[in-house]
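Here is the structure we will look at, set down as structure tokens.
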Protein chains: 2
Amino acid sequence: MDEVLSAVMELFWRQGYEATSVQDLCAATGLGKGSLYAAFGSKQELYGQALRHYVKLTTHDLQAQLLRSVPLRQAVRDLLLDRIEQSLSAPERPGCLLVSAVVERVPHDQGAARIARDAIEALKGAFATALHTARAAGEISTDADVDSLAGYLTAMVQALRVMSISVPDEKQLTAIVDTALSVIPE
Amino acid sequence: MDEVLSAVMELFWRQGYEATSVQDLCAATGLGKGSLYAAFGSKQELYGQALRHYVKLTTHDLQAQLLRSVPLRQAVRDLLLDRIEQSLSAPERPGCLLVSAVVERVPHDQGAARIARDAIEALKGAFATALHTARAAGEISTDADVDSLAGYLTAMVQALRVMSISVPDEKQLTAIVDTALSVIPE
DNA sequence: GCCGTTGTGGACCGCTCGGTCAACCAAGTC
DNA sequence: GACTTGGTTGACCGAGCGGTCCACAACGGC
């Protein structure tokens, strides 16, 4: 089941929703149409499940990176650079399924909209927790507005995903990350 | 010709590339299929022209906003808030054709990739010019790294376009803008 | 060995897709 | 009025779409 969802996720990630046909999905999963429809109901619902799967994986990843016992600023920097590295090293799958879901599906698919909104919320929450911890530890200024900073960092993650596609230049992207990080008050 | 491109742009903007059929485009432009194909060659090329049209309009808009004789920081703030306002007030057309082009088309369409890359470059250039002027006028610190800041602001524009779709909350978005702007050294 | 059940696969459905093409129409020239 | 010409049209094409359905394989209980 999880392997099926992983294969489906991979395909939607690479090709987007509309450009991926149900036949493609059958080929990728090794399942027949009937089985796919019996298990998931429709292409749309299948997409929803795949998106949920993606969110689960990436959120888990991100939280793990934020919980490492390194200074917050460095943890965030590593995290953002990792995302860039991922995009640049996998040219066939350069973006982020969540971002393309937001852009391509959210306006027309309430289910996807819900999942995406929750995912963004969770992302922001993870940043907020990490920022709180860092602030309590005296690592960043007590003036820091944790909520705004968390929203800001969430936006930066999306930004870098988009920029990595159109400007696949590690140097420029790294400069953006470092500029972005200078916001966090010491 | 420009009205045709505007109608086409509008439709691709609202629906994305794959979800828009040639028949939709005929209905929106009032032209028959033959005329459309005679004038543009293929759906892909038509998309390219529409994207170019969009870029021309929005780049012009943005440059005008940056050239107003107000402090740079405020000009940038107004500009970013305008983009948010646009997204929130037009729910059927919430994103940005350029962002969706980057996400949906760039990995599979070299023509679109070229147009998008050039557009991002132009965006960055416009910010760089404005930052240079502001620095020369003593409005921002002479230490400011204009190139990095320009890239950073370009990324922020993309970020807000994505965030406006998934978190359509003006207050949160404004907080992100203000956090983002605190990067610019006084 | 023989059922009932569950899950599978792929032929099949009506439909729409992107793209083509021959017929057609108005306008200009003589 | 006959002819050319540039642009327009929509019927038409093969292919592929999302989705359905039923014959059939796999398998545990008896």
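Residues in the structure tokens are named by chain (A, B, ... in the order shown) and by number from 1 within that chain; ligands are numbered from 1 in the order shown.
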After fitting chain A to chain B over all Cα atoms matched in order, what RMSD is left? 0.0 Å
If we count only C-alpha atoms (C1' of nucleotides) and set the cut-off at 9 Å, which residues sit around range 99-114 of chain B, ignoring sequence neighbours fewer than 6 positions away in its own chain? Please answer as a PyMOL selection string. (chain A and resi 14-16+91-96+99-100+103-104+162-163+165-166) or (chain B and resi 13+16-18+44-45+47-48+51-52+158+161-162)
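By chain and then residue number, the residues within 12 Å of Leu36 in chain B are Met1, Val4, Leu5, Val8, Val22, Gln23, Asp24, Leu25, Cys26, Ala27, Ala28, Thr29, Gly30, Leu31, Gly32, Lys33, Ala39, Phe40, Gly41, Ser42, Lys43, Gln44, Glu45, Leu46 and Tyr47 of chain B; DG19 of chain C; DG7, DT8 and DT9 of chain D, counting only C-alpha atoms (C1' of nucleotides) and disregarding those fewer than 3 positions away in sequence.
Taking only C-alpha atoms (C1' of nucleotides) into account, chain C lies nearest to B:Ala19 out of the set B:Leu67, B:Ala19, B:Ile115, B:Leu88.
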Report the residues of range 120-181 of chain B whose backbone DSSP state falls under alpha helix (DSSP H), written as a ChimeraX atom specification. /B:120-136,146-166,170-181
Which residues of chain D come within 9 Å of chain A, and for each one, what is the closest pair of atoms and their distance in Å to one decimal, counting only C-alpha atoms (C1' of nucleotides), sorted by chain and residue number, as CSV?
```
residue,atom,partner,partner_atom,distance
D:DC17,C1',A:Ser21,CA,7.5
D:DG18,C1',A:Val22,CA,7.2
D:DG19,C1',A:Ser42,CA,8.1
D:DT20,C1',A:Gly34,CA,8.5
D:DC21,C1',A:Gly34,CA,8.8
```
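Taking only C-alpha atoms into account, Leu81 in chain B lies nearest to B:Val157 out of the set B:Ala136, B:Val157, B:Ala64, B:Leu11.
Comparing the minimum interatomic distances between chain A and each of C:DG10, C:DG1, C:DC21, C:DA27, counting only C-alpha atoms (C1' of nucleotides), we find that C:DG10 sits nearest.
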Show me, as a VMD selection string, the residues of chain A whose atoms get within 6 Å of chain B, using only C-alpha atoms for the distance check. chain A and resid 18 117 148 152 155 158 to 159 166 175 to 176 183
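The shortest atom-to-atom distance to chain B, with only C-alpha atoms (C1' of nucleotides) taken into account, belongs to C:DC17 out of C:DC17, C:DC30, C:DC24, C:DC2.
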Taken to one decimal, the CA of Asp78 in chain B-CA of Val146 in chain B distance is 19.7 Å
Can you write out as JSON lines which residues of chain C fall within 9 Å of chain A, alongside each residue's closest atom pair and its distance in Å to one decimal, counting only C-alpha atoms (C1' of nucleotides) and ordering rows by chain and ascending residue number?
```
{"residue": "C:DG7", "atom": "C1'", "partner": "A:Ser35", "partner_atom": "CA", "distance": 7.2}
{"residue": "C:DT8", "atom": "C1'", "partner": "A:Ser35", "partner_atom": "CA", "distance": 6.0}
{"residue": "C:DG9", "atom": "C1'", "partner": "A:Gly32", "partner_atom": "CA", "distance": 5.1}
{"residue": "C:DG10", "atom": "C1'", "partner": "A:Gly32", "partner_atom": "CA", "distance": 7.2}
```
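Of note, CA of His132 in chain B and CA of His60 in chain B are spaced 18.9 Å apart.
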Work out how far apart CA of Asp143 in chain A and CA of Ala130 in chain A are and give it in Å to one decimal. 15.5 Å
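Minimum atom-to-atom distances from B:Arg68, B:Gln49, B:Met9, B:Asp2 to Thr133 in chain B were compared using only C-alpha atoms, and the lowest value belongs to B:Arg68.
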